[in-house]
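This is model_4.csv. It holds CSV, N, CA and C atoms.
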chain,number,residue,atom,x,y,z
A,1,MET,N,90.2,77.2,71.7
A,1,MET,CA,90.7,76.7,70.4
A,1,MET,C,91.6,77.8,69.8
A,2,ALA,N,92.8,77.4,69.3
A,2,ALA,CA,93.7,78.3,68.7
A,2,ALA,C,93.4,78.5,67.3
A,3,PHE,N,93.8,79.7,66.8
A,3,PHE,CA,93.5,80.0,65.4
A,3,PHE,C,94.6,79.3,64.5
A,4,GLN,N,94.1,79.0,63.3
A,4,GLN,CA,95.1,78.4,62.4
A,4,GLN,C,95.6,79.5,61.5
A,5,THR,N,96.8,79.5,61.2
A,5,THR,CA,97.4,80.4,60.3
A,5,THR,C,98.1,79.7,59.2
A,6,THR,N,98.1,80.3,58.0
A,6,THR,CA,98.8,79.8,56.9
A,6,THR,C,100.1,80.6,56.7
A,7,LYS,N,101.2,79.9,56.6
A,7,LYS,CA,102.5,80.5,56.4
A,7,LYS,C,103.1,79.9,55.1
A,8,VAL,N,104.2,80.6,54.6
A,8,VAL,CA,104.9,80.2,53.5
A,8,VAL,C,106.3,79.9,53.9
A,9,CYS,N,106.9,78.8,53.5
A,9,CYS,CA,108.2,78.4,53.9
A,9,CYS,C,109.2,79.4,53.2
A,10,GLU,N,110.1,79.9,54.0
A,10,GLU,CA,111.1,80.9,53.4
A,10,GLU,C,112.1,80.3,52.5
A,11,HIS,N,112.3,79.0,52.6
A,11,HIS,CA,113.3,78.3,51.8
A,11,HIS,C,112.7,77.8,50.5
A,12,CYS,N,111.7,77.0,50.6
A,12,CYS,CA,111.1,76.3,49.4
A,12,CYS,C,109.8,76.9,48.8
A,13,GLY,N,109.2,77.8,49.6
A,13,GLY,CA,108.0,78.4,49.1
A,13,GLY,C,106.7,77.6,49.3
A,14,CYS,N,106.8,76.5,50.0
A,14,CYS,CA,105.7,75.6,50.3
A,14,CYS,C,104.7,76.3,51.3
A,15,ARG,N,103.4,76.2,51.1
A,15,ARG,CA,102.4,76.7,52.1
A,15,ARG,C,102.1,75.6,53.1
A,16,PHE,N,102.0,76.0,54.4
A,16,PHE,CA,101.7,75.1,55.4
A,16,PHE,C,100.8,75.8,56.5
A,17,VAL,N,100.1,75.0,57.2
A,17,VAL,CA,99.2,75.5,58.2
A,17,VAL,C,99.8,75.3,59.6
A,18,ILE,N,99.7,76.4,60.4
A,18,ILE,CA,100.2,76.3,61.8
A,18,ILE,C,99.0,76.6,62.7
A,19,GLU,N,98.8,75.7,63.7
A,19,GLU,CA,97.8,75.9,64.7
A,19,GLU,C,98.2,76.8,65.8
A,20,ASP,N,99.4,76.7,66.3
A,20,ASP,CA,99.9,77.5,67.4
A,20,ASP,C,101.2,78.1,67.0
A,21,GLU,N,101.3,79.4,66.8
A,21,GLU,CA,102.5,80.0,66.4
A,21,GLU,C,103.6,80.0,67.5
A,22,GLU,N,103.2,80.0,68.7
A,22,GLU,CA,104.1,80.0,69.8
A,22,GLU,C,104.8,78.7,69.9
A,23,ALA,N,104.2,77.6,69.6
A,23,ALA,CA,104.7,76.3,69.8
A,23,ALA,C,105.5,75.8,68.5
A,24,TRP,N,105.4,76.5,67.4
A,24,TRP,CA,106.0,76.0,66.2
A,24,TRP,C,107.5,76.1,66.3
A,25,ALA,N,108.2,74.9,66.0
A,25,ALA,CA,109.6,74.8,66.3
A,25,ALA,C,110.5,75.3,65.1
A,26,TYR,N,110.0,75.3,63.9
A,26,TYR,CA,110.8,75.7,62.8
A,26,TYR,C,110.7,77.1,62.4
A,27,LYS,N,111.0,78.0,63.3
A,27,LYS,CA,111.0,79.4,63.0
A,27,LYS,C,112.3,80.0,63.6
A,28,ARG,N,112.9,80.9,63.0
A,28,ARG,CA,114.1,81.6,63.5
A,28,ARG,C,114.0,83.1,63.2
A,29,TYR,N,114.6,83.8,64.2
A,29,TYR,CA,114.8,85.2,64.1
A,29,TYR,C,116.2,85.4,63.6
A,30,MET,N,116.3,85.7,62.3
A,30,MET,CA,117.6,85.9,61.7
A,30,MET,C,117.5,86.8,60.4
A,31,ARG,N,118.7,87.1,59.9
A,31,ARG,CA,118.7,87.9,58.7
A,31,ARG,C,119.1,87.1,57.6
A,32,MET,N,118.4,87.1,56.5
A,32,MET,CA,118.6,86.4,55.3
A,32,MET,C,119.2,87.3,54.2
A,33,PRO,N,119.9,86.8,53.2
A,33,PRO,CA,120.3,87.6,52.1
A,33,PRO,C,119.1,88.4,51.5
A,34,GLY,N,119.3,89.7,51.4
A,34,GLY,CA,118.2,90.5,50.8
A,34,GLY,C,117.4,91.2,51.9
A,35,ASP,N,117.5,90.8,53.1
A,35,ASP,CA,116.8,91.4,54.2
A,35,ASP,C,117.6,92.6,54.7
A,36,ARG,N,116.9,93.7,55.1
A,36,ARG,CA,117.6,94.8,55.6
A,36,ARG,C,117.9,94.6,57.1
A,37,MET,N,117.0,94.0,57.8
A,37,MET,CA,117.2,93.7,59.2
A,37,MET,C,116.7,92.3,59.5
A,38,CYS,N,117.0,91.9,60.8
A,38,CYS,CA,116.5,90.6,61.2
A,38,CYS,C,115.0,90.5,61.3
A,39,LYS,N,114.5,89.4,61.1
A,39,LYS,CA,113.0,89.2,61.2
A,39,LYS,C,112.8,87.7,61.4
A,40,VAL,N,111.5,87.3,61.8
A,40,VAL,CA,111.2,85.9,62.0
A,40,VAL,C,110.9,85.3,60.6
A,41,HIS,N,111.6,84.2,60.4
A,41,HIS,CA,111.4,83.4,59.2
A,41,HIS,C,110.8,82.0,59.6
A,42,TRP,N,109.8,81.6,58.8
A,42,TRP,CA,109.0,80.4,59.1
A,42,TRP,C,109.4,79.3,58.1
A,43,PHE,N,109.6,78.1,58.6
A,43,PHE,CA,110.0,77.0,57.7
A,43,PHE,C,109.1,75.8,58.0
A,44,HIS,N,108.8,75.0,57.0
A,44,HIS,CA,107.9,73.9,57.3
A,44,HIS,C,108.6,72.6,57.7
A,45,THR,N,109.9,72.4,57.5
A,45,THR,CA,110.6,71.3,57.9
A,45,THR,C,112.0,71.7,58.5
A,46,TRP,N,112.6,70.8,59.2
A,46,TRP,CA,113.9,71.1,59.8
A,46,TRP,C,114.9,71.2,58.6
A,47,SER,N,114.8,70.4,57.6
A,47,SER,CA,115.8,70.5,56.5
A,47,SER,C,115.7,71.8,55.8
A,48,CYS,N,114.5,72.4,55.6
A,48,CYS,CA,114.4,73.7,55.0
A,48,CYS,C,115.1,74.8,55.9
A,49,LEU,N,114.9,74.7,57.2
A,49,LEU,CA,115.5,75.6,58.2
A,49,LEU,C,117.0,75.5,58.1
A,50,VAL,N,117.6,74.3,58.1
A,50,VAL,CA,119.0,74.2,58.1
A,50,VAL,C,119.6,74.7,56.8
A,51,ALA,N,118.9,74.4,55.7
A,51,ALA,CA,119.4,74.9,54.4
A,51,ALA,C,119.4,76.4,54.3
A,52,ALA,N,118.3,77.0,54.8
A,52,ALA,CA,118.3,78.5,54.8
A,52,ALA,C,119.3,79.1,55.7
A,53,GLN,N,119.6,78.4,56.9
A,53,GLN,CA,120.6,78.9,57.8
A,53,GLN,C,122.0,78.8,57.1
A,54,LYS,N,122.2,77.7,56.4
A,54,LYS,CA,123.5,77.6,55.7
A,54,LYS,C,123.7,78.6,54.6
A,55,LYS,N,122.6,78.9,53.9
A,55,LYS,CA,122.6,79.9,52.9
A,55,LYS,C,123.0,81.3,53.5
A,56,ALA,N,122.3,81.6,54.6
A,56,ALA,CA,122.6,82.9,55.3
A,56,ALA,C,124.0,83.0,55.8
A,57,ASP,N,124.5,81.9,56.3
A,57,ASP,CA,125.9,81.8,56.8
A,57,ASP,C,126.9,82.0,55.7
A,58,ASP,N,126.7,81.3,54.6
A,58,ASP,CA,127.6,81.5,53.5
A,58,ASP,C,127.6,82.9,52.9
A,59,HIS,N,126.4,83.6,53.0
A,59,HIS,CA,126.4,84.9,52.5
A,59,HIS,C,127.0,85.9,53.4
A,60,PHE,N,126.8,85.8,54.7
A,60,PHE,CA,127.2,86.8,55.7
A,60,PHE,C,128.6,86.5,56.3
A,61,GLU,N,129.1,85.3,56.2
A,61,GLU,CA,130.4,85.0,56.8
A,61,GLU,C,131.5,85.8,56.3
A,62,PRO,N,131.7,86.0,55.0
A,62,PRO,CA,132.8,86.9,54.6
A,62,PRO,C,132.6,88.4,55.1
A,63,ILE,N,131.4,88.8,55.2
A,63,ILE,CA,131.2,90.2,55.7
A,63,ILE,C,131.6,90.2,57.2
A,64,PHE,N,131.1,89.3,58.0
A,64,PHE,CA,131.5,89.2,59.4
A,64,PHE,C,133.0,89.0,59.6
A,65,ARG,N,133.6,88.2,58.8
A,65,ARG,CA,135.0,88.0,58.9
A,65,ARG,C,135.8,89.3,58.7
A,66,GLU,N,135.4,90.0,57.7
A,66,GLU,CA,136.0,91.3,57.4
A,66,GLU,C,135.9,92.3,58.5
A,67,GLN,N,134.7,92.3,59.1
A,67,GLN,CA,134.4,93.2,60.3
A,67,GLN,C,135.3,92.8,61.5
A,68,ARG,N,135.4,91.5,61.7
A,68,ARG,CA,136.3,91.0,62.8
A,68,ARG,C,137.7,91.4,62.6
A,69,GLU,N,138.2,91.2,61.3
A,69,GLU,CA,139.6,91.6,61.0
A,69,GLU,C,139.8,93.1,61.2
A,70,ARG,N,138.9,93.9,60.8
A,70,ARG,CA,139.0,95.4,61.1
A,70,ARG,C,139.1,95.7,62.5
A,71,GLU,N,138.3,95.0,63.3
A,71,GLU,CA,138.3,95.3,64.8
A,71,GLU,C,139.7,94.8,65.4
A,72,LEU,N,140.1,93.6,64.9
A,72,LEU,CA,141.4,93.1,65.4
A,72,LEU,C,142.6,94.1,65.0
A,73,GLU,N,142.5,94.6,63.8
A,73,GLU,CA,143.6,95.5,63.4
A,73,GLU,C,143.5,96.8,64.2
A,74,LYS,N,142.3,97.3,64.6
A,74,LYS,CA,142.3,98.5,65.4
A,74,LYS,C,142.9,98.2,66.8
A,75,LYS,N,142.6,97.0,67.4
A,75,LYS,CA,143.1,96.6,68.7
A,75,LYS,C,144.6,96.5,68.6
A,76,ARG,N,145.2,95.9,67.5
A,76,ARG,CA,146.6,95.8,67.3
A,76,ARG,C,147.3,97.1,67.3
A,77,GLU,N,146.7,98.0,66.5
A,77,GLU,CA,147.2,99.4,66.3
A,77,GLU,C,147.2,100.1,67.7
A,78,TYR,N,146.1,100.0,68.4
A,78,TYR,CA,146.0,100.6,69.7
A,78,TYR,C,147.1,100.1,70.7
A,79,GLU,N,147.4,98.8,70.6
A,79,GLU,CA,148.4,98.2,71.5
A,79,GLU,C,149.8,98.6,71.1
A,80,ARG,N,150.0,98.8,69.8
A,80,ARG,CA,151.3,99.3,69.3
A,80,ARG,C,151.6,100.7,69.8
A,81,LEU,N,150.6,101.6,69.7
A,81,LEU,CA,150.7,102.9,70.1
A,81,LEU,C,150.9,103.0,71.6
A,82,ARG,N,150.2,102.1,72.4
A,82,ARG,CA,150.3,102.1,73.8
A,82,ARG,C,151.7,101.6,74.2
A,83,ARG,N,152.3,100.6,73.5
A,83,ARG,CA,153.7,100.2,73.8
A,83,ARG,C,154.7,101.3,73.5
A,84,ARG,N,154.5,102.0,72.4
A,84,ARG,CA,155.4,103.1,72.1
A,84,ARG,C,155.3,104.2,73.2
A,85,ARG,N,154.1,104.6,73.6
A,85,ARG,CA,154.0,105.6,74.6
A,85,ARG,C,154.7,105.2,75.9
A,86,ARG,N,154.5,103.9,76.3
A,86,ARG,CA,155.1,103.4,77.5
A,86,ARG,C,156.6,103.4,77.4
A,87,ARG,N,157.1,103.0,76.3
A,87,ARG,CA,158.6,103.0,76.1
A,87,ARG,C,159.1,104.4,76.1
A,88,ALA,N,158.4,105.4,75.5
A,88,ALA,CA,158.8,106.8,75.5
A,88,ALA,C,158.8,107.4,76.9
A,89,ALA,N,157.7,107.0,77.7
A,89,ALA,CA,157.6,107.5,79.0
A,89,ALA,C,158.7,106.9,79.9
A,90,LYS,N,159.0,105.7,79.7
A,90,LYS,CA,160.1,105.0,80.5
A,90,LYS,C,161.4,105.6,80.2
A,91,ARG,N,161.6,105.9,78.9
A,91,ARG,CA,162.9,106.5,78.4
A,91,ARG,C,163.1,107.9,79.0
A,92,ASP,N,162.0,108.7,78.9
A,92,ASP,CA,162.1,110.0,79.4
A,92,ASP,C,162.2,110.1,80.9
A,93,GLY,N,161.6,109.2,81.6
A,93,GLY,CA,161.7,109.1,83.0
A,93,GLY,C,163.1,108.7,83.5
A,94,ALA,N,163.8,107.9,82.7
A,94,ALA,CA,165.1,107.4,83.1
A,94,ALA,C,166.2,108.4,82.9
A,95,ARG,N,165.9,109.4,82.0
A,95,ARG,CA,167.0,110.4,81.7
A,95,ARG,C,167.0,111.4,82.8
A,96,CYS,N,168.2,111.9,83.0
A,96,CYS,CA,168.4,113.0,83.9
A,96,CYS,C,168.5,114.3,83.1
A,97,LYS,N,167.8,115.3,83.6
A,97,LYS,CA,167.8,116.6,82.9
A,97,LYS,C,168.7,117.5,83.7
A,98,ALA,N,169.3,118.4,83.0
A,98,ALA,CA,170.3,119.3,83.7
A,98,ALA,C,169.6,120.1,84.8
A,99,GLU,N,168.4,120.6,84.6
A,99,GLU,CA,167.7,121.4,85.6
A,99,GLU,C,167.1,120.6,86.7
A,100,SER,N,167.0,119.3,86.6
A,100,SER,CA,166.4,118.5,87.7
A,100,SER,C,167.4,118.2,88.8
A,101,SER,N,166.9,117.7,89.9
A,101,SER,CA,167.7,117.5,91.1
A,101,SER,C,168.6,116.3,90.9
A,102,CYS,N,168.2,115.4,90.1
A,102,CYS,CA,169.0,114.1,89.9
A,102,CYS,C,170.3,114.4,89.2
A,103,ALA,N,170.5,115.6,88.6
A,103,ALA,CA,171.7,115.9,87.9
A,103,ALA,C,172.9,116.1,88.8
A,104,THR,N,172.6,116.5,90.0
A,104,THR,CA,173.7,116.7,91.0
A,104,THR,C,173.8,115.5,91.9
A,105,PRO,N,175.0,115.2,92.3
A,105,PRO,CA,175.2,114.0,93.1
A,105,PRO,C,174.6,114.2,94.5
A,106,ASP,N,174.3,113.1,95.2
A,106,ASP,CA,173.7,113.2,96.5
A,106,ASP,C,174.4,114.0,97.5
A,107,ASN,N,175.8,113.9,97.6
A,107,ASN,CA,176.5,114.6,98.6
A,107,ASN,C,176.5,116.1,98.4
A,108,LYS,N,176.4,116.6,97.1
A,108,LYS,CA,176.3,118.0,96.8
A,108,LYS,C,174.9,118.5,97.3
A,109,ARG,N,173.8,117.7,97.1
A,109,ARG,CA,172.5,118.2,97.5
A,109,ARG,C,172.4,118.3,99.0
A,110,LYS,N,173.1,117.3,99.7
A,110,LYS,CA,173.1,117.4,101.2
A,110,LYS,C,173.8,118.7,101.6
A,111,GLU,N,174.9,119.0,101.0
A,111,GLU,CA,175.6,120.2,101.4
A,111,GLU,C,174.8,121.4,101.1
A,112,GLU,N,174.1,121.5,100.0
A,112,GLU,CA,173.2,122.6,99.7
A,112,GLU,C,172.1,122.8,100.7
A,113,ASN,N,171.5,121.7,101.2
A,113,ASN,CA,170.4,121.7,102.1
A,113,ASN,C,171.0,122.1,103.5
A,114,LEU,N,172.2,121.8,103.9
A,114,LEU,CA,172.7,122.1,105.2
A,114,LEU,C,173.3,123.5,105.3
A,115,SER,N,173.7,124.1,104.2
A,115,SER,CA,174.3,125.4,104.3
A,115,SER,C,173.2,126.5,104.5
A,116,PRO,N,173.5,127.5,105.3
A,116,PRO,CA,172.6,128.5,105.6
A,116,PRO,C,172.3,129.5,104.5

Rewrite the structure from the file as structure tokens, please.
Amino acid sequence: MAFQTTKVCEHCGCRFVIEDEEAWAYKRYMRMPGDRMCKVHWFHTWSCLVAAQKKADDHFEPIFREQRERELEKKREYERLRRRRRRAAKRDGARCKAESSCATPDNKRKEENLSP
């Protein structure tokens, strides 16, 4: 025989009895406004669970949206810097420098290599 437990609905405050905590369908592991961390919340009906979930979503959605925007901005900035570095490397690689071997024409290099 399973033990009966009394729980309080997180949304409406109604007391209800649960015979089997494992089988209870109206519980969620989530963070509600005012909670520091996620925890298990118990509800006595589906409508209370949905209303509490909507309340949590309404509270945390602007926070999550701001975090997502910051992450996207970091990615955009990283891509901008990466493109700049690539363009600079391409530009520097395409230039001939006076001390490099590409500054002299091919026939002059061949003559230098053949002469004793």

Interatomic distance, atom C of Arg15 (chain A) to CA of Phe3 (chain A) (Å, one decimal)
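Taking atom C of Arg15 (chain A) and CA of Phe3 (chain A), their separation equals 15.6 Å.
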
Report, in Å to a single decimal, how far apart atom C of Arg70 (chain A) and atom N of Arg82 (chain A) are.
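Distance between the two atoms: 16.2 Å.
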
Min atom-atom distance to Tyr26 (chain A) from the set A:Glu73, A:Lys54, A:His11, A:Phe43, counting all atoms listed in the file, belongs to A:Phe43

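Here CA of Tyr78 (chain A) and CA of Pro62 (chain A) stand 24.3 Å from one another.
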
DSSP on the backbone, then: every residue of region 20-91 of chain A marked alpha helix (DSSP H), written as a VMD selection string.
chain A and resid 46 to 91

Taking 5 positions as the minimum chain separation for residues in the same chain, which residues sit within 12 Å of Glu21 (chain A) when counting only C-alpha atoms? Answer as a list in words.
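Within the cut-off, the hits are Ala2, Phe3, Gln4, Thr5, Thr6, Lys7, Tyr26, Lys27, Val40, His41, Trp42 and Phe43 of chain A.
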
Running DSSP on the backbone, which parts of region 3-110 of chain A land in strand (DSSP E), as an MDAnalysis selection string?
chainID A and resid 5:8 15:18 27:30 39:42

Writer output for current selection, N, CA and C atoms, as a compact mmCIF listing (two decimals), in the frame of the given file:
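Done, and the output landed in again.txt:
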# COMPACT_ATOMS: atom_id res chain seq x y z
N THR A 5 96.80 79.50 61.20
CA THR A 5 97.40 80.40 60.30
C THR A 5 98.10 79.70 59.20
N THR A 6 98.10 80.30 58.00
CA THR A 6 98.80 79.80 56.90
C THR A 6 100.10 80.60 56.70
N LYS A 7 101.20 79.90 56.60
CA LYS A 7 102.50 80.50 56.40
C LYS A 7 103.10 79.90 55.10
N VAL A 8 104.20 80.60 54.60
CA VAL A 8 104.90 80.20 53.50
C VAL A 8 106.30 79.90 53.90
N ARG A 15 103.40 76.20 51.10
CA ARG A 15 102.40 76.70 52.10
C ARG A 15 102.10 75.60 53.10
N PHE A 16 102.00 76.00 54.40
CA PHE A 16 101.70 75.10 55.40
C PHE A 16 100.80 75.80 56.50
N VAL A 17 100.10 75.00 57.20
CA VAL A 17 99.20 75.50 58.20
C VAL A 17 99.80 75.30 59.60
N ILE A 18 99.70 76.40 60.40
CA ILE A 18 100.20 76.30 61.80
C ILE A 18 99.00 76.60 62.70
N LYS A 27 111.00 78.00 63.30
CA LYS A 27 111.00 79.40 63.00
C LYS A 27 112.30 80.00 63.60
N ARG A 28 112.90 80.90 63.00
CA ARG A 28 114.10 81.60 63.50
C ARG A 28 114.00 83.10 63.20
N TYR A 29 114.60 83.80 64.20
CA TYR A 29 114.80 85.20 64.10
C TYR A 29 116.20 85.40 63.60
N MET A 30 116.30 85.70 62.30
CA MET A 30 117.60 85.90 61.70
C MET A 30 117.50 86.80 60.40
N LYS A 39 114.50 89.40 61.10
CA LYS A 39 113.00 89.20 61.20
C LYS A 39 112.80 87.70 61.40
N VAL A 40 111.50 87.30 61.80
CA VAL A 40 111.20 85.90 62.00
C VAL A 40 110.90 85.30 60.60
N HIS A 41 111.60 84.20 60.40
CA HIS A 41 111.40 83.40 59.20
C HIS A 41 110.80 82.00 59.60
N TRP A 42 109.80 81.60 58.80
CA TRP A 42 109.00 80.40 59.10
C TRP A 42 109.40 79.30 58.10

Find, counting only N, CA and C atoms, the residue in A:Leu72, A:Val17, A:Met32, A:Ala88 that gets nearest to Ala56 (chain A).
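Comparing A:Leu72, A:Val17, A:Met32, A:Ala88 against Ala56 (chain A), the winner is A:Met32.
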
List every protein, DNA or RNA residue that has an atom no more than 12 Å from (111.0, 89.0, 57.4) in the file's coordinate frame, counting only C-alpha atoms, and report them as a compact mmCIF listing (two decimals) with N, CA and C atoms, in the coordinates of the input.
# COMPACT_ATOMS: atom_id res chain seq x y z
N VAL A 8 104.20 80.60 54.60
CA VAL A 8 104.90 80.20 53.50
C VAL A 8 106.30 79.90 53.90
N CYS A 9 106.90 78.80 53.50
CA CYS A 9 108.20 78.40 53.90
C CYS A 9 109.20 79.40 53.20
N GLU A 10 110.10 79.90 54.00
CA GLU A 10 111.10 80.90 53.40
C GLU A 10 112.10 80.30 52.50
N LYS A 27 111.00 78.00 63.30
CA LYS A 27 111.00 79.40 63.00
C LYS A 27 112.30 80.00 63.60
N ARG A 28 112.90 80.90 63.00
CA ARG A 28 114.10 81.60 63.50
C ARG A 28 114.00 83.10 63.20
N TYR A 29 114.60 83.80 64.20
CA TYR A 29 114.80 85.20 64.10
C TYR A 29 116.20 85.40 63.60
N MET A 30 116.30 85.70 62.30
CA MET A 30 117.60 85.90 61.70
C MET A 30 117.50 86.80 60.40
N ARG A 31 118.70 87.10 59.90
CA ARG A 31 118.70 87.90 58.70
C ARG A 31 119.10 87.10 57.60
N MET A 32 118.40 87.10 56.50
CA MET A 32 118.60 86.40 55.30
C MET A 32 119.20 87.30 54.20
N PRO A 33 119.90 86.80 53.20
CA PRO A 33 120.30 87.60 52.10
C PRO A 33 119.10 88.40 51.50
N GLY A 34 119.30 89.70 51.40
CA GLY A 34 118.20 90.50 50.80
C GLY A 34 117.40 91.20 51.90
N ASP A 35 117.50 90.80 53.10
CA ASP A 35 116.80 91.40 54.20
C ASP A 35 117.60 92.60 54.70
N ARG A 36 116.90 93.70 55.10
CA ARG A 36 117.60 94.80 55.60
C ARG A 36 117.90 94.60 57.10
N MET A 37 117.00 94.00 57.80
CA MET A 37 117.20 93.70 59.20
C MET A 37 116.70 92.30 59.50
N CYS A 38 117.00 91.90 60.80
CA CYS A 38 116.50 90.60 61.20
C CYS A 38 115.00 90.50 61.30
N LYS A 39 114.50 89.40 61.10
CA LYS A 39 113.00 89.20 61.20
C LYS A 39 112.80 87.70 61.40
N VAL A 40 111.50 87.30 61.80
CA VAL A 40 111.20 85.90 62.00
C VAL A 40 110.90 85.30 60.60
N HIS A 41 111.60 84.20 60.40
CA HIS A 41 111.40 83.40 59.20
C HIS A 41 110.80 82.00 59.60
N TRP A 42 109.80 81.60 58.80
CA TRP A 42 109.00 80.40 59.10
C TRP A 42 109.40 79.30 58.10

Starting from the incomplete input, reconstruct all heavy atoms of region 47-54 of chain A and write that as an mmCIF file, keeping the file's coordinate frame.
data_model
loop_
_atom_site.group_PDB
_atom_site.id
_atom_site.type_symbol
_atom_site.label_atom_id
_atom_site.label_comp_id
_atom_site.auth_asym_id
_atom_site.auth_seq_id
_atom_site.Cartn_x
_atom_site.Cartn_y
_atom_site.Cartn_z
ATOM 1 N N SER A 47 114.800 70.400 57.600
ATOM 2 C CA SER A 47 115.800 70.500 56.500
ATOM 3 C C SER A 47 115.700 71.800 55.800
ATOM 4 O O SER A 47 116.784 72.355 55.392
ATOM 5 C CB SER A 47 115.568 69.326 55.508
ATOM 6 O OG SER A 47 114.271 69.390 54.953
ATOM 7 N N CYS A 48 114.500 72.400 55.600
ATOM 8 C CA CYS A 48 114.400 73.700 55.000
ATOM 9 C C CYS A 48 115.100 74.800 55.900
ATOM 10 O O CYS A 48 115.794 75.688 55.472
ATOM 11 C CB CYS A 48 112.985 74.119 54.786
ATOM 12 S SG CYS A 48 112.272 73.307 53.355
ATOM 13 N N LEU A 49 114.900 74.700 57.200
ATOM 14 C CA LEU A 49 115.500 75.600 58.200
ATOM 15 C C LEU A 49 117.000 75.500 58.100
ATOM 16 O O LEU A 49 117.688 76.563 58.054
ATOM 17 C CB LEU A 49 115.009 75.283 59.613
ATOM 18 C CG LEU A 49 115.436 76.255 60.700
ATOM 19 C CD1 LEU A 49 114.324 76.373 61.727
ATOM 20 C CD2 LEU A 49 116.700 75.848 61.370
ATOM 21 N N VAL A 50 117.600 74.300 58.100
ATOM 22 C CA VAL A 50 119.000 74.200 58.100
ATOM 23 C C VAL A 50 119.600 74.700 56.800
ATOM 24 O O VAL A 50 120.641 75.329 56.754
ATOM 25 C CB VAL A 50 119.391 72.675 58.334
ATOM 26 C CG1 VAL A 50 120.862 72.426 58.085
ATOM 27 C CG2 VAL A 50 119.012 72.266 59.736
ATOM 28 N N ALA A 51 118.900 74.400 55.700
ATOM 29 C CA ALA A 51 119.400 74.900 54.400
ATOM 30 C C ALA A 51 119.400 76.400 54.300
ATOM 31 O O ALA A 51 120.336 76.993 53.773
ATOM 32 C CB ALA A 51 118.535 74.265 53.243
ATOM 33 N N ALA A 52 118.300 77.000 54.800
ATOM 34 C CA ALA A 52 118.300 78.500 54.800
ATOM 35 C C ALA A 52 119.300 79.100 55.700
ATOM 36 O O ALA A 52 119.961 80.087 55.379
ATOM 37 C CB ALA A 52 116.885 78.931 55.254
ATOM 38 N N GLN A 53 119.600 78.400 56.900
ATOM 39 C CA GLN A 53 120.600 78.900 57.800
ATOM 40 C C GLN A 53 122.000 78.800 57.100
ATOM 41 O O GLN A 53 122.813 79.730 57.235
ATOM 42 C CB GLN A 53 120.606 78.106 59.072
ATOM 43 C CG GLN A 53 121.588 78.591 60.110
ATOM 44 C CD GLN A 53 121.225 79.942 60.652
ATOM 45 O OE1 GLN A 53 120.091 80.146 61.064
ATOM 46 N NE2 GLN A 53 122.164 80.857 60.663
ATOM 47 N N LYS A 54 122.200 77.700 56.400
ATOM 48 C CA LYS A 54 123.500 77.600 55.700
ATOM 49 C C LYS A 54 123.700 78.600 54.600
ATOM 50 O O LYS A 54 124.761 79.204 54.451
ATOM 51 C CB LYS A 54 123.625 76.180 55.100
ATOM 52 C CG LYS A 54 124.947 75.928 54.410
ATOM 53 C CD LYS A 54 125.108 74.493 54.026
ATOM 54 C CE LYS A 54 126.346 74.181 53.242
ATOM 55 N NZ LYS A 54 127.372 75.139 53.123
#
